[in-house]
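Visitor: Quick one: this structure, given as structure tokens, is what I'll be asking you about.
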Amino acid sequence: MKKTLLLISFTCLSVIASAQQKALPQLNKNNIKQVIKALTLDEKVKLVIGMGMNVPGMPPGILPPADPEDDKIEPKVPGTSGRTHAIERLGIPSLVLNDGPAGVHFLNYKSTPPKTTAIPIGTLLACTWNPELVRKVGGIIGSEAKEFGIDIMLAPASNIQRNPLGGRNFEYYSEDPFLSGNIAAAVINGIQDYGIGASLKHFAANNTETNRMKLNTLVSERALREIYLKNFEITIKKTSPWTVMSSYNLINGTYTSESKDLISKILRKEWGFKGLVMSDWFAGKNVVNSLKAGNDLQMPGRPDQTQALIAAVKNGTLPLATLDLSVERVLNLVLKSSTFSKYKYSNNPNLKEHAVISRKAASEGMVLLKNNNTLPLSKSVTVALFGNASYDIIAGGSGSGDVVKDYTISLDNGLVNSGFKLIENINSSYQNYLKIEKSKLPPTSLETVFNPTTIKEMSVEKELILQAADNADVAIITIARLSGESKDRKVENDFNLTEAEKQTLQALSESFHAKNKKVIVVINAGGVIETASWSPWVDAILMAWQPGMEGGTAMADILDGTVNPSGKLTASFQINYSDDSSAKNFPGKLSGIKDDAPLDPVMPTYPSEISYEEDIYVGYRYFNTKKVKTAYEFGFGLSYTQFEYSAIKLSSTEFKDKITATITIKNSGKTAGKEVVQLYLSAPSEKLKKPSEELKGFAKTKLLQAGESQTISFTLTPAELASFDSSLSSWIAEAGKYSIRIGTSSLDIKQTKEFNLSKDLIVK
Ligand code: BGC
């Protein structure tokens with residue numbers, strides 16, 4: 001009897017429990033509001049604070065999670081940059097977030113991470129000026145993320161390359177916002193074509209790595225609008241990234257992640273962004289202000305944040321409706337994710353196909369800077385190949401924009417695979433040297449990823465060069481640089497060549513030229529280096545950037561003429577570092593005392609500030625307007641063929657709502673090739689000072705056979721004519737004469753045509 005009663009009450013209890021369970025809403029696209037109602041305050045806070053940056057092998061306590069319990073939750077995908085919290089009782093799964101711009105980057109260094117494709121760096125991709133191709137490269141990121149069970153990729157990185165020493169310039173696209181904005185949109189489309197969310201980062205004015213987490217950027221509203229926000233504006237209006245990542249720095253005294261103006265007013269209200277905003281990792285100071293500003297998700301969560309949010313809701317300083325709005329954005333993201341749709345990922349992406357796309361993009365983004373009747377090389381020549389990186393390529397930059405590479409192809413292999421012969425004793429000297437030096441390097445760890453050691457350049461004996469000049473037909477030397485996250489570059493021995501590099505170049509030049517043989521320099525770097533002092537010594541220079549794991553093959557494709565170079569510079573090459581308009585204001589000054597203990601010992605940082613005194617005169621906007629000479633100007637790049645530009649036809653000489661410019665490009669040389677057609681606009685400057693010209697359109701031709709032509713049209717709308725007038729807080733297209741300049745670089749203008757705007761236009 002007792003037993004039966006017990007059984008009955010037990011059954012009743014479980015019926016009630018399961019009824020309650022049934023009554024609980026399970027997240028779907030029609031019940032978000034209901035789910036929000038069912039969430040407790042603790043659960044809501046969990047949803048807006050991330051987790052999961054527990055890098056295998058990292059000593060405990062370095063990056064403590066927001067909640068110690070988080071570390072006990074098994075990751076769906078090990079070695080990723082972060083996750084969101086699951087609320088299982090309401091059917092809300094945890095999302096997987098991972099870096100980054102150079103491909104899927106796993107942090108599980110202790111074991112062998114899954115194989116992924118290391119694509120070329122962002123700057124190289126931009127130098128293709130080919131959004132269609134870049135979209136395919138973005139597709140590599142999206143498709144690999146999908147096959148590894150990742151939901152959001154922390155890419156693309158799209159800050160302006162304000163100064164050549166910027167440590168993360170390699171991840172970024174250009175000194176120009178129009179180009180950056182369009183290239184970032186292409187990457188986002190490529191990623192999102194696969195149903196994976198992109199995260200457009202770092203929003204905004206994050207152009208320096210020194211003291212990056214507490215750097216206060218002092219910048220005028222006009223420079224912000226026209227340069228440092230413009231690229232983001234273009235991207236947001238062209239495409240819809242699922243997420244945007246705010247940056248570490250402050251702008252004019254406010255952390256970007258805590259800036260209502262930036263996130264709620266400009267990004268959401270003015271530009272119409274509908275997605276989620278997340279913080280950069282461990283960024284910002286006041287989580288309540290961050291939520292109030294519209295920064296929905298704090299990544300990857302800090303211990304102080306949970307308690308602060310709960311307390312703020314309880315004491316009324318954070319309205320519940322504000323928290324609910326961010327929770328709603330997190331849930332909307334969850335609903336779109338592959339994890340939510342239970343996509344059965346294979347852990348087996350199509351690496352072979354991706355290597356082909358990556359190689360194609362690599363060769364299309366390399367820029368031929370000099371060619372004194374030297375390239376392309378005939379495959380029958382014997383090459384004396386110098387420089388560590390010729391044998392051990394730097395495929396990408398360091399930090400979160402890096403990828404653990406399963407293999408890399410260096411130039412030596414690239415050349416041999418295309419049929420060139422190398423001088424054996426040079427080859428073996430470098431191979432032996434690198435083998436010994438590599439064995440001394442520490443094993444890969446978080447520390448080595450953020451602070452990699454580069455192997456000292458092998459010193460080259462004069463004797464070896466003299467012998468080479470006898471035995472080889474041509475010399476190729478690679479000059480290489482590595483830069484990365486959390487550190488800026490230096491002028492000496494980085495932007496400038498080292499004394500040893502200069503001596504080797506000089507010796508090669510003397511010895512090879514004495515025998516009527518040529519010297520070619522390949523630059524394998526993530527950013528601009530000084531070239532003016534040594535370029536006269538050599539016959540050809542190829543800016544090969546950091547071209548990803550297939551880089552050596554792509555370099556050989558250009559050197560032997562398999563690919564006709566069509567890359568163009570997306571940043572100016574200064575003659576001297578000090579010529580740059582931002583040089584005297586980089587990397588900023590320490591402001592005040594090192595008052596706060598650094599939040600994150602992995603990335604120590606102090607309060608400092610940087611003044612963007614050059615205002616809108618960044619890169620070519622400065623060089624061209626003030627007529628300061630560069631080594632190579634923005635938009636420059638040589639080809640193995642020539643192009644002719646027809647006269648420009650305008651749809652009208654009077655601007656109404658828009659104007660269309662049409663031009664025909666003809667390959668007038670002997671080799672098939674592609675041309676980057678660049679449209680610059682000169683605007684009247686009676687009321688506001690303006691740069692002499694600004695890029696407002698670009699197009700890449702198809703591969704034009706010798707003699708073939710292609711007609712290209714550009715449409716300009718009021719937005720392209722307007723400048724930001726801070727006194728009116730508006731974009732104004734000033735009445736007067738505008739000049740359209742179409743050319744092959746920002747200084748090599750082939751055709752010009754004017755049109756008139758009869759009265760000032762205020763542009764929304
Ligand atoms: C970087 C971001 C990156 C994040 C996660 C931060 O330090 O600035 O670009 O996505 O870490 O790895």
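Residue numbers start at 1 in each chain; chains themselves are named A, B, ... in the order of the structure tokens; ligands are numbered from 1 in the order shown.
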According to DSSP computed on the backbone, where in region 195-325 of chain A is there helix (DSSP H, G or I)? Give the residues as number ranges by chain.
Guide: A: 212-214, 221-228, 230-238, 256-258, 260-270, 287-293, 303-314, 320-325
Visitor: Can you pull out every residue within 7 Å of Lys490 (chain A), counting only C-alpha atoms, but drop anything in the same chain fewer than 4 positions away, and send it as a VMD selection string?
Guide: chain A and resid 165 494 to 495
Visitor: Which residues, written as a PyMOL selection string, have at least one atom at most 6 Å from Glu209 (chain A), with only C-alpha atoms counted and residues fewer than 4 positions away on the same chain left out?
Guide: chain A and resi 167+486-488
Visitor: Limited to all heavy atoms, could you put the picked residues into a file as a short mmCIF file (atom, residue, chain, number, x, y, z; two decimals), in the first residue's frame?
Guide:
data_model
loop_
_atom_site.label_atom_id
_atom_site.label_comp_id
_atom_site.auth_asym_id
_atom_site.auth_seq_id
_atom_site.Cartn_x
_atom_site.Cartn_y
_atom_site.Cartn_z
N GLY A 167 50.91 47.77 -36.57
CA GLY A 167 51.25 46.34 -36.45
C GLY A 167 50.26 45.41 -37.14
O GLY A 167 50.61 44.32 -37.57
N SER A 486 49.15 43.44 -31.43
CA SER A 486 49.59 43.94 -30.13
C SER A 486 50.95 44.64 -30.14
O SER A 486 51.40 45.08 -29.10
CB SER A 486 49.53 42.87 -29.03
OG SER A 486 50.62 42.01 -29.10
N LYS A 487 51.57 44.76 -31.31
CA LYS A 487 52.85 45.48 -31.38
C LYS A 487 52.90 46.27 -32.69
O LYS A 487 52.50 45.73 -33.72
CB LYS A 487 53.97 44.43 -31.45
CG LYS A 487 54.95 44.54 -30.33
CD LYS A 487 56.20 43.82 -30.69
CE LYS A 487 56.70 43.03 -29.50
NZ LYS A 487 57.38 41.83 -29.88
N ASP A 488 53.40 47.48 -32.62
CA ASP A 488 53.61 48.21 -33.86
C ASP A 488 55.02 47.95 -34.38
O ASP A 488 55.88 47.48 -33.65
CB ASP A 488 53.37 49.71 -33.64
CG ASP A 488 51.90 50.00 -33.44
OD1 ASP A 488 51.11 49.59 -34.31
OD2 ASP A 488 51.53 50.62 -32.42
#
Visitor: Enumerate residues in contact with ligand 1: an atom-to-atom distance of at most 8 Å, counting only C-alpha atoms and all ligand atoms. Format the result as a PDB file with N, CA, C and O atoms, in the first residue's frame.
Guide:
ATOM      1  N   SER A  81      38.097  30.926 -30.468  1.00  0.00           N
ATOM      2  CA  SER A  81      38.347  32.153 -29.703  1.00  0.00           C
ATOM      3  C   SER A  81      37.286  32.440 -28.653  1.00  0.00           C
ATOM      4  O   SER A  81      37.524  33.232 -27.749  1.00  0.00           O
ATOM      5  N   GLY A  82      36.117  31.863 -28.767  1.00  0.00           N
ATOM      6  CA  GLY A  82      35.090  32.127 -27.767  1.00  0.00           C
ATOM      7  C   GLY A  82      33.761  31.494 -28.124  1.00  0.00           C
ATOM      8  O   GLY A  82      33.589  30.944 -29.221  1.00  0.00           O
ATOM      9  N   ASN A  98      35.055  32.259 -33.888  1.00  0.00           N
ATOM     10  CA  ASN A  98      36.484  32.004 -34.096  1.00  0.00           C
ATOM     11  C   ASN A  98      37.133  33.005 -35.042  1.00  0.00           C
ATOM     12  O   ASN A  98      36.491  33.569 -35.914  1.00  0.00           O
ATOM     13  N   ASP A  99      38.448  33.191 -34.860  1.00  0.00           N
ATOM     14  CA  ASP A  99      39.223  33.996 -35.801  1.00  0.00           C
ATOM     15  C   ASP A  99      39.498  33.152 -37.030  1.00  0.00           C
ATOM     16  O   ASP A  99      39.464  31.914 -36.958  1.00  0.00           O
ATOM     17  N   GLY A 100      39.828  33.811 -38.098  1.00  0.00           N
ATOM     18  CA  GLY A 100      39.924  35.236 -38.271  1.00  0.00           C
ATOM     19  C   GLY A 100      40.135  35.546 -39.743  1.00  0.00           C
ATOM     20  O   GLY A 100      39.877  34.742 -40.642  1.00  0.00           O
ATOM     21  N   LEU A 154      35.400  35.823 -36.903  1.00  0.00           N
ATOM     22  CA  LEU A 154      35.798  37.162 -36.465  1.00  0.00           C
ATOM     23  C   LEU A 154      36.612  37.826 -37.571  1.00  0.00           C
ATOM     24  O   LEU A 154      37.814  38.045 -37.470  1.00  0.00           O
ATOM     25  N   ALA A 155      35.947  38.107 -38.657  1.00  0.00           N
ATOM     26  CA  ALA A 155      36.557  38.663 -39.867  1.00  0.00           C
ATOM     27  C   ALA A 155      35.432  39.301 -40.681  1.00  0.00           C
ATOM     28  O   ALA A 155      34.286  38.875 -40.539  1.00  0.00           O
ATOM     29  N   ALA A 157      38.777  42.238 -40.901  1.00  0.00           N
ATOM     30  CA  ALA A 157      39.348  43.361 -40.153  1.00  0.00           C
ATOM     31  C   ALA A 157      39.552  44.492 -41.151  1.00  0.00           C
ATOM     32  O   ALA A 157      40.229  44.308 -42.146  1.00  0.00           O
ATOM     33  N   LYS A 201      35.252  44.108 -38.118  1.00  0.00           N
ATOM     34  CA  LYS A 201      35.978  44.642 -36.967  1.00  0.00           C
ATOM     35  C   LYS A 201      37.091  45.571 -37.434  1.00  0.00           C
ATOM     36  O   LYS A 201      37.447  45.520 -38.608  1.00  0.00           O
ATOM     37  N   HIS A 202      37.710  46.396 -36.633  1.00  0.00           N
ATOM     38  CA  HIS A 202      37.396  46.717 -35.253  1.00  0.00           C
ATOM     39  C   HIS A 202      36.831  48.119 -35.300  1.00  0.00           C
ATOM     40  O   HIS A 202      37.556  49.056 -35.669  1.00  0.00           O
ATOM     41  N   SER A 247      35.912  48.230 -31.093  1.00  0.00           N
ATOM     42  CA  SER A 247      37.370  48.115 -30.954  1.00  0.00           C
ATOM     43  C   SER A 247      37.800  48.306 -29.503  1.00  0.00           C
ATOM     44  O   SER A 247      36.970  48.520 -28.628  1.00  0.00           O
ATOM     45  N   TYR A 248      39.102  48.205 -29.251  1.00  0.00           N
ATOM     46  CA  TYR A 248      39.636  48.381 -27.895  1.00  0.00           C
ATOM     47  C   TYR A 248      39.716  49.852 -27.483  1.00  0.00           C
ATOM     48  O   TYR A 248      39.508  50.203 -26.330  1.00  0.00           O
ATOM     49  N   ASP A 280      35.461  43.748 -28.554  1.00  0.00           N
ATOM     50  CA  ASP A 280      36.699  43.010 -28.794  1.00  0.00           C
ATOM     51  C   ASP A 280      37.048  42.307 -27.474  1.00  0.00           C
ATOM     52  O   ASP A 280      36.480  42.609 -26.417  1.00  0.00           O
ATOM     53  N   TRP A 281      37.984  41.389 -27.532  1.00  0.00           N
ATOM     54  CA  TRP A 281      38.232  40.502 -26.391  1.00  0.00           C
ATOM     55  C   TRP A 281      38.759  41.248 -25.154  1.00  0.00           C
ATOM     56  O   TRP A 281      39.807  41.869 -25.205  1.00  0.00           O
ATOM     57  N   PHE A 282      37.980  41.232 -24.091  1.00  0.00           N
ATOM     58  CA  PHE A 282      38.292  41.884 -22.805  1.00  0.00           C
ATOM     59  C   PHE A 282      38.269  43.409 -22.896  1.00  0.00           C
ATOM     60  O   PHE A 282      38.838  44.097 -22.056  1.00  0.00           O
ATOM     61  N   GLY A 399      49.460  36.728 -34.534  1.00  0.00           N
ATOM     62  CA  GLY A 399      48.317  37.057 -33.684  1.00  0.00           C
ATOM     63  C   GLY A 399      47.055  36.361 -34.159  1.00  0.00           C
ATOM     64  O   GLY A 399      47.121  35.327 -34.818  1.00  0.00           O
ATOM     65  N   SER A 400      45.905  36.973 -33.848  1.00  0.00           N
ATOM     66  CA  SER A 400      44.649  36.300 -34.190  1.00  0.00           C
ATOM     67  C   SER A 400      44.399  36.292 -35.692  1.00  0.00           C
ATOM     68  O   SER A 400      43.563  35.525 -36.177  1.00  0.00           O
ATOM     69  N   GLY A 401      45.125  37.124 -36.415  1.00  0.00           N
ATOM     70  CA  GLY A 401      44.998  37.128 -37.865  1.00  0.00           C
ATOM     71  C   GLY A 401      45.977  36.180 -38.524  1.00  0.00           C
ATOM     72  O   GLY A 401      46.353  36.349 -39.684  1.00  0.00           O
ATOM     73  N   GLU A 485      49.682  41.431 -34.319  1.00  0.00           N
ATOM     74  CA  GLU A 485      48.800  41.982 -33.306  1.00  0.00           C
ATOM     75  C   GLU A 485      49.560  42.350 -32.041  1.00  0.00           C
ATOM     76  O   GLU A 485      50.473  41.634 -31.636  1.00  0.00           O
ATOM     77  N   SER A 486      49.148  43.439 -31.429  1.00  0.00           N
ATOM     78  CA  SER A 486      49.589  43.935 -30.126  1.00  0.00           C
ATOM     79  C   SER A 486      50.952  44.644 -30.139  1.00  0.00           C
ATOM     80  O   SER A 486      51.404  45.083 -29.102  1.00  0.00           O
TER      81      SER A 486
END
Visitor: Between CA of Asn182 (chain A) and CA of Met366 (chain A), measure the distance and give it in Å to one decimal.
Guide: 18.9 Å
Visitor: Please measure the separation of CA of Phe573 (chain A) and CA of Tyr617 (chain A), giving the value in Å to one decimal.
Guide: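 Spanning CA of Phe573 (chain A) to CA of Tyr617 (chain A) is a straight-line distance of 15.2 Å.
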Visitor: Just list as number ranges by chain whatever in region 348-564 of chain A DSSP marks as strand (DSSP E or B).
Guide: A: 367-371, 382-386, 398, 421-422, 474-480, 484, 518-524, 540-543
Visitor: Using only N, CA and C atoms, please write the residues we just selected to a file, as an mmCIF file, in the first residue's frame.
Guide:
data_model
loop_
_atom_site.group_PDB
_atom_site.id
_atom_site.type_symbol
_atom_site.label_atom_id
_atom_site.label_comp_id
_atom_site.auth_asym_id
_atom_site.auth_seq_id
_atom_site.Cartn_x
_atom_site.Cartn_y
_atom_site.Cartn_z
ATOM 1 N N VAL A 367 52.159 43.032 -56.366
ATOM 2 C CA VAL A 367 52.294 44.272 -57.133
ATOM 3 C C VAL A 367 53.718 44.368 -57.689
ATOM 4 N N LEU A 368 53.815 44.506 -59.002
ATOM 5 C CA LEU A 368 55.122 44.668 -59.638
ATOM 6 C C LEU A 368 55.504 46.145 -59.547
ATOM 7 N N LEU A 369 56.575 46.424 -58.777
ATOM 8 C CA LEU A 369 56.942 47.821 -58.517
ATOM 9 C C LEU A 369 57.974 48.339 -59.517
ATOM 10 N N LYS A 370 58.824 47.438 -59.978
ATOM 11 C CA LYS A 370 59.856 47.879 -60.924
ATOM 12 C C LYS A 370 60.128 46.744 -61.887
ATOM 13 N N ASN A 371 60.358 47.068 -63.148
ATOM 14 C CA ASN A 371 60.693 46.016 -64.110
ATOM 15 C C ASN A 371 61.483 46.608 -65.256
ATOM 16 N N THR A 382 69.099 29.784 -64.707
ATOM 17 C CA THR A 382 69.503 29.261 -63.401
ATOM 18 C C THR A 382 69.498 30.430 -62.415
ATOM 19 N N VAL A 383 68.876 30.193 -61.279
ATOM 20 C CA VAL A 383 68.652 31.284 -60.325
ATOM 21 C C VAL A 383 69.555 31.139 -59.106
ATOM 22 N N ALA A 384 70.202 32.256 -58.722
ATOM 23 C CA ALA A 384 70.882 32.293 -57.421
ATOM 24 C C ALA A 384 69.889 32.914 -56.457
ATOM 25 N N LEU A 385 69.390 32.108 -55.526
ATOM 26 C CA LEU A 385 68.277 32.543 -54.683
ATOM 27 C C LEU A 385 68.762 32.860 -53.272
ATOM 28 N N PHE A 386 68.594 34.129 -52.863
ATOM 29 C CA PHE A 386 69.078 34.577 -51.550
ATOM 30 C C PHE A 386 67.912 34.988 -50.649
ATOM 31 N N SER A 398 51.236 37.868 -37.548
ATOM 32 C CA SER A 398 51.064 37.087 -36.317
ATOM 33 C C SER A 398 49.877 37.585 -35.496
ATOM 34 N N LYS A 421 66.154 26.171 -62.406
ATOM 35 C CA LYS A 421 67.237 25.507 -61.655
ATOM 36 C C LYS A 421 67.764 26.505 -60.628
ATOM 37 N N LEU A 422 68.106 25.993 -59.434
ATOM 38 C CA LEU A 422 68.690 26.866 -58.404
ATOM 39 C C LEU A 422 70.159 26.514 -58.244
ATOM 40 N N VAL A 474 70.676 34.793 -63.076
ATOM 41 C CA VAL A 474 69.952 35.893 -62.449
ATOM 42 C C VAL A 474 69.987 35.683 -60.928
ATOM 43 N N ALA A 475 69.923 36.800 -60.176
ATOM 44 C CA ALA A 475 69.819 36.671 -58.711
ATOM 45 C C ALA A 475 68.427 37.111 -58.273
ATOM 46 N N ILE A 476 67.861 36.340 -57.353
ATOM 47 C CA ILE A 476 66.606 36.776 -56.718
ATOM 48 C C ILE A 476 66.878 36.799 -55.221
ATOM 49 N N ILE A 477 66.481 37.882 -54.575
ATOM 50 C CA ILE A 477 66.635 37.943 -53.121
ATOM 51 C C ILE A 477 65.302 38.370 -52.507
ATOM 52 N N THR A 478 64.928 37.701 -51.422
ATOM 53 C CA THR A 478 63.694 38.064 -50.727
ATOM 54 C C THR A 478 64.035 38.887 -49.491
ATOM 55 N N ILE A 479 63.388 40.025 -49.369
ATOM 56 C CA ILE A 479 63.473 40.858 -48.161
ATOM 57 C C ILE A 479 62.176 40.602 -47.412
ATOM 58 N N ALA A 480 62.270 40.180 -46.149
ATOM 59 C CA ALA A 480 61.045 39.783 -45.451
ATOM 60 C C ALA A 480 60.852 40.529 -44.146
ATOM 61 N N GLY A 484 52.608 42.015 -36.400
ATOM 62 C CA GLY A 484 51.387 41.392 -35.921
ATOM 63 C C GLY A 484 50.692 42.118 -34.808
ATOM 64 N N LYS A 518 70.965 40.202 -64.141
ATOM 65 C CA LYS A 518 69.974 41.020 -63.420
ATOM 66 C C LYS A 518 69.769 40.573 -61.970
ATOM 67 N N VAL A 519 69.278 41.543 -61.177
ATOM 68 C CA VAL A 519 68.964 41.269 -59.764
ATOM 69 C C VAL A 519 67.490 41.621 -59.521
ATOM 70 N N ILE A 520 66.784 40.663 -58.938
ATOM 71 C CA ILE A 520 65.347 40.851 -58.675
ATOM 72 C C ILE A 520 65.120 40.792 -57.166
ATOM 73 N N VAL A 521 64.310 41.723 -56.660
ATOM 74 C CA VAL A 521 63.963 41.686 -55.240
ATOM 75 C C VAL A 521 62.498 41.293 -55.092
ATOM 76 N N VAL A 522 62.245 40.330 -54.209
ATOM 77 C CA VAL A 522 60.871 39.976 -53.849
ATOM 78 C C VAL A 522 60.681 40.476 -52.413
ATOM 79 N N ILE A 523 59.643 41.273 -52.189
ATOM 80 C CA ILE A 523 59.367 41.726 -50.815
ATOM 81 C C ILE A 523 58.255 40.860 -50.245
ATOM 82 N N ASN A 524 58.587 40.194 -49.136
ATOM 83 C CA ASN A 524 57.630 39.287 -48.481
ATOM 84 C C ASN A 524 57.302 39.915 -47.116
ATOM 85 N N ALA A 540 64.381 44.588 -60.871
ATOM 86 C CA ALA A 540 62.934 44.352 -60.760
ATOM 87 C C ALA A 540 62.590 44.186 -59.286
ATOM 88 N N ILE A 541 61.406 44.661 -58.928
ATOM 89 C CA ILE A 541 60.933 44.504 -57.534
ATOM 90 C C ILE A 541 59.501 44.003 -57.579
ATOM 91 N N LEU A 542 59.263 42.905 -56.882
ATOM 92 C CA LEU A 542 57.899 42.381 -56.778
ATOM 93 C C LEU A 542 57.448 42.481 -55.328
ATOM 94 N N MET A 543 56.390 43.238 -55.071
ATOM 95 C CA MET A 543 55.807 43.298 -53.722
ATOM 96 C C MET A 543 54.865 42.102 -53.624
#
Visitor: Leaving out region 757-762 of chain A and any residue of its chain fewer than 6 positions from it, which residues lie within 7 Å of it when counting only C-alpha atoms, given as JSON, numbers by chain?
Guide: {"A": [654, 655, 730, 731, 732, 733, 734, 735, 736, 737]}
Visitor: Skip region 303-310 of chain A itself and residues of its chain fewer than 4 positions away, then list as a VMD selection string all residues within 12 Å of it, counting only C-alpha atoms.
Guide: chain A and resid 40 to 51 61 63 to 70 282 to 292 297 to 299 314 to 320 322 to 323 599
Visitor: Show me, as a PyMOL selection string, the residues that have an atom within 7 Å of Tyr173 (chain A) when counting only C-alpha atoms, minus same-chain residues fewer than 6 positions from it.
Guide: chain A and resi 122-123+126+158+180
Visitor: Which is closer to Thr570 (chain A) than all the others in A:Ser746, A:Asn516, A:Ser439, A:Ser692, using only C-alpha atoms?
Guide: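 Smallest separation from Thr570 (chain A) among the options: A:Ser746.
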